[in-house]
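Only one structure is covered here, and it is reproduced in the block below.
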Amino acid sequence: MTGRRRRPHFRLETPPGVADFHSVGGRAAGDWETNESDERQVATHCAFCGVQCGMHLRVAGGRVIGVEPRMDTHNEGKLCPKGVAAYQQISHPDRLTHPLVRDGDGLRRATWDEALDRVVDGIGRIQAADGPDAMAVYGGASMVNEKTYLLGKFARVGLGTRFTDYNGRMCMVSAGVANYRSFGIDRTANPITDLAFTDVAMVLGANVPETFPIYIRWFWEAIDRGATVICVDPRETSLARVAQLHLPIRPGTDAGLLNAMLHVVIRNGHVDEAFVAGHTTGFDAVAAAVAEWPPERAADVCGVPAGDIERAAELFGSADKAMINHARGLEHQVMGSRNAMAAINLCLATGNIGRPGAGYGTITGQGNGQGGREHGQKCDQLPGQRHFTDPGAIEHVAGVWGIDPADMPGPGEPIFAVLERMERGEVRGLLNICSNPMVSWPDEARTKRILETLELYVVIDIFLSESALLADVVLPGSAWAESEGVVANSDALVCKINKAVDPPGEARDDMWILCELARRLGRGQYFPSSDPRDVFDEMCRASAGGRADYSGITYERLEAEGPIAWPCPSADHPGTPRLFEDLRFYTSDGRAHFNAIEVDPSAEEPDAEYPLRLTTGRTVAHYLSGNQTRRLEYLADQTPATRVEIHPETAAEFGITEGAAVNVTSRRTTIVLPALLVKTIRPDTVFIPYHWARPVAANQLTKAAFDPSSWIPAYKTAAVRIERAVGGASTVSPPPVWKDDTR
Ligand code: SF4
């Protein structure tokens with residue numbers, strides 16, 4: 001490599017009328033200009049969120065040296081700050097470049113043979129003593145589908161365990177439960193682009209401008225076109241600021257609000273009776289349930305004026321075309337899946353489904369948050385969104401895998417139920433790929449205690465995450481630009497990810513690692529190839545006839561036509577951007593199902609000792625646990641440290657000033673953070689971003705409480721108190737990022 005540091009390699013002009021998130025300005029650290037004559041561009045999609053923006057990577061001298069706009073995909077060339085900087089992780093000096101094994105209290109460099117032997121010996125010892133289910137697998141929804149498919153197969157065929165699950169458990173599972181119970185299929189019903197046709201767009205618990213920045217254009221354009229936006233969020237996001245109606249809801253109370261809106265819709269005669277009678281079941285039970293929710297009751301529970309609830313319901317109910325979109329704010333609660341079903345009830349009652357601009361959308365957080373829940377790494381699922389409850393599904397998948405259906409392990413359990421088994425000593429080993437539980441799971445002290453007591457903890461990652469620090473074996477895997485594959489974005493658009501370079505040093509493709517482990521476990525005959533095209537073809541065969549049917553999609557089609565929305569059951573099928581246009585649903589009776597919603601209190605209600613509600617979330621510059629983005633200088637510079645956001649009235653009550661060090665205490669522990677005083681949050685609520693590790697990790701405070709159906713953690717509803725830290729510094733340094741120092 002003969003390059004030298006220069007200006008950023010991102011050259012877009014800001015299109016008029018579009019949010020300016022992609023403007024970089026100044027030098028982006030890690031950018032290189034090169035004199036190499038082999039420079040080429042690789043068309044691909046972003047490493048990060050569920051929008052999956054298209055981009056071109058500039059490659060020269062075996063390195064990814066920059067990013068260029070890509071105009072032929074749904075983002076039309078635009079990228080947010082994360083997308084602009086994503087390429088910088090590829091050749092980052094912190095990359096893991098050789099295996100590590102635990103030696104006493106530390107990790108030391110090892111050969112692949114030694115590391116893999118350590119893994120295989122550990123698995124053999126654990127399973128010989130306690131059976132196959134004593135091992136568990138935990139994957140990620142940022143990996144391409146080929147990897148998620150192979151991981152689920154590796155768990156069930158390579159290890160023979162039923163315990164496989166994924167980090168969408170912290171993301172899309174509440175939406176998934178609601179989608180299955182209401183529609184019989186788990187994907188967004190309407191694409192976000194349907195906002196172009198809607199009259200009323202209601203968005204709940206989604207800080208779209210910061211967490212899905214490129215999608216915000218659809219809301220801005222809807223407003224410009226004259227559509228009405230209703231924003232439900234305890235924080236006044238920049239979307240809430242321009243919405244015609246902002247309902248600053250008390251965290252954890254969404255179902256009460258939605259029930260009350262449906263109450264008003266019914267009372268005011270806005271039910272689409274022909275649709276309800278012809279295409280749904282369960283309306284009468286829902287009508288009886290919401291009769292108990294007049295707006296005045298919801299106003300007390302939700303902390304918003306009854307008149308605003310009436311207005312929102314009237315706007316939504318009287319619209320010809322209305323849409324609901326929601327994200328984690330509504331879902332990260334013990335009521336998460338019920339909140340989502342309450343939102344669907346509102347859409348169904350008003351006949352808003354299956355039409356352009358009329359429907360329901362779930363916005364996925366992770367890059368492959370949709371695809372990661374389609375092909376079998378999720379505990380209750382086989383490839384193609386098939387279910388263990390269907391004997392035909394087991395037979396079909398077993399046939400593709402070449403195993404006896406009787407040898408297929410049964411359905412597993414959500415990872416947080418498996419953690420309870422780990423605490424009881426029933427599960428003693430964990431293979432963890434592409435996720436960082438030490439930062440992302442609730443109640444960090446409990447997470448640490450559990451991971452440290454495992455007999456075998458194996459991590460496959462590209463950086464030495466806070467979780468990898470606890471591992472017995474760390475295997476250096478591949479970054480997103482180092483292997484080929486597909487992802488499904490938030491709109492279920494299957495997008496092609498292309499390989500730009502090889503993994504650095506001795507790091508290997510994740511699929512090679514899984515296949516090699518299977519071979520050493522004596523199961524190699526079931527994993528004959530780690531070539532992504534072979535794995536993709538097998539995955540498509542396994543998905544054929546399932547809900548998430550990819551069998552009509554090929555790499556060649558994606559390269560020629562661009563992203564295709566599943567289901568796509570044949571080579572001449574155009575894909576399915578919008579579901580239910582024929583008003584047929586994927587339920588056993590072909591109808592959409594209403595679900596009556598009982599409202600429970602949040603996981604931890606404030607009291608005299610802990611009087612405030614803590615809600616957590618993301619910032620525009622960082623992604624999930626920050627294991628990738630905290631290392632990228634451009635992003636770390638943009639948002640270098642965390643904070644606790646407090647309303648000025650609340651701050652004054654507790655004697656806290658701007659920038660002061662604040663003790664934030666929950667029933668778990670106390671952490672110290674700098675105060676950021678903002679009028680854009682409810683006075684009874686504080687907010688902490690969750691991208692940083694201890695000593696400032698938000699999840700040191702959160703409670704290990706879960707939605708009883710989806711097992712999503714109740715991240716949005718811990719009870720806390722705040723006080724000025726005695727003698728505390730006025731600024732708090734960010735925690736370190738870890739790197740392998742054995743090189
Ligand atoms: Fe697009 Fe999301 Fe990547 Fe930003 S992080 S560039 S919005 S895919």
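To be explicit about the labels: the chains of the structure tokens are called A, B, and onward in the order shown, and within each one the residues are counted from 1, while ligands get numbers from 1 in the order they are shown.
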
* Asked: Which neighbours of Ala189 (chain A) fall inside 10 Å, counting only C-alpha atoms, when residues of the same chain fewer than 3 positions from it are skipped, and could you give them as a PyMOL selection string?
  -> chain A and resi 179+183+185-186+192+353-355+358-362+491-492+576-581

* Would you mind listing what lies within 12 Å of Met539 (chain A) as a PyMOL selection string, with only C-alpha atoms counted and same-chain residues fewer than 6 positions away left out? => chain A and resi 144-153+371+374-376+382-385+396-397+400-401+485-486+532-533+546+548-554

* Excluding same-chain residues fewer than 3 positions from Leu635 (chain A), what lies within 8 Å of it counting only C-alpha atoms, as a list in words? ->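 The contact residues come out as Pro81, Lys82, Ala85, Ala621, His622, Thr629, Arg630, Arg631, Leu632, Gln638, Thr639 and Pro640 of chain A.
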
* Contacts with ligand 1 at most 9 Å, only C-alpha atoms and all ligand atoms counted, listed as a VMD selection string -> chain A and resid 21 to 22 45 to 55 75 78 to 86 210 to 215 365 to 367 489 620 to 623

Write the residues of the preceding selection, restricted to C-alpha atoms, as a PDB file, in the first residue's frame.
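Saved as selection27.pdb:
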```
ATOM      1  CA  PHE A  21     -27.009  13.834   7.170  1.00  0.00           C
ATOM      2  CA  HIS A  22     -24.646  12.618   4.532  1.00  0.00           C
ATOM      3  CA  HIS A  45     -24.645  -1.923   0.909  1.00  0.00           C
ATOM      4  CA  CYS A  46     -23.880  -0.341   4.266  1.00  0.00           C
ATOM      5  CA  ALA A  47     -22.556  -2.331   7.230  1.00  0.00           C
ATOM      6  CA  PHE A  48     -24.968  -0.824   9.684  1.00  0.00           C
ATOM      7  CA  CYS A  49     -28.687  -0.162  10.094  1.00  0.00           C
ATOM      8  CA  GLY A  50     -31.780  -1.716   8.532  1.00  0.00           C
ATOM      9  CA  VAL A  51     -32.074   0.893   5.809  1.00  0.00           C
ATOM     10  CA  GLN A  52     -29.192  -0.898   4.037  1.00  0.00           C
ATOM     11  CA  CYS A  53     -28.112   2.009   1.890  1.00  0.00           C
ATOM     12  CA  GLY A  54     -26.291   1.144  -1.284  1.00  0.00           C
ATOM     13  CA  MET A  55     -22.710   2.365  -1.682  1.00  0.00           C
ATOM     14  CA  ASN A  75     -31.104   5.509  -0.819  1.00  0.00           C
ATOM     15  CA  LYS A  78     -27.342   9.302   0.267  1.00  0.00           C
ATOM     16  CA  LEU A  79     -25.540   8.027   3.361  1.00  0.00           C
ATOM     17  CA  CYS A  80     -25.607   9.018   7.016  1.00  0.00           C
ATOM     18  CA  PRO A  81     -22.395   9.561   9.038  1.00  0.00           C
ATOM     19  CA  LYS A  82     -22.166   5.868   9.919  1.00  0.00           C
ATOM     20  CA  GLY A  83     -22.425   4.842   6.304  1.00  0.00           C
ATOM     21  CA  VAL A  84     -19.744   7.322   5.272  1.00  0.00           C
ATOM     22  CA  ALA A  85     -17.346   5.947   7.884  1.00  0.00           C
ATOM     23  CA  ALA A  86     -18.256   2.249   7.685  1.00  0.00           C
ATOM     24  CA  GLU A 210     -31.029   9.705  14.252  1.00  0.00           C
ATOM     25  CA  THR A 211     -31.507   5.967  14.032  1.00  0.00           C
ATOM     26  CA  PHE A 212     -32.721   5.487  10.434  1.00  0.00           C
ATOM     27  CA  PRO A 213     -31.461   8.765   8.975  1.00  0.00           C
ATOM     28  CA  ILE A 214     -31.977   8.034   5.321  1.00  0.00           C
ATOM     29  CA  TYR A 215     -35.600   7.008   5.916  1.00  0.00           C
ATOM     30  CA  GLY A 365     -32.579  -1.576  13.670  1.00  0.00           C
ATOM     31  CA  GLN A 366     -29.780  -3.868  12.569  1.00  0.00           C
ATOM     32  CA  GLY A 367     -28.420  -4.154   9.064  1.00  0.00           C
ATOM     33  CA  ASN A 489     -33.491  -4.651   4.821  1.00  0.00           C
ATOM     34  CA  VAL A 620     -26.761   9.047  14.926  1.00  0.00           C
ATOM     35  CA  ALA A 621     -23.004   8.445  15.077  1.00  0.00           C
ATOM     36  CA  HIS A 622     -22.984   5.018  16.716  1.00  0.00           C
ATOM     37  CA  TYR A 623     -24.272   1.529  16.133  1.00  0.00           C
TER      38      TYR A 623
END
```

* Spatial neighbours of region 697-709 of chain A, max dist 9 Å, only C-alpha atoms, sep filter under 6 positions, as a VMD selection string -> chain A and resid 173 to 174 177 331 to 338 416 438 to 446 603 to 604 614 616 642 664 to 671 688 to 691 715 to 720 735

* Asked: Pick from A:Ser570, A:Asp509, A:Ile497, A:Ile223: nearest to Pro476 (chain A), with only C-alpha atoms counted?
  ->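 Going through A:Ser570, A:Asp509, A:Ile497, A:Ile223 one by one, the smallest distance to Pro476 (chain A) is for A:Asp509.
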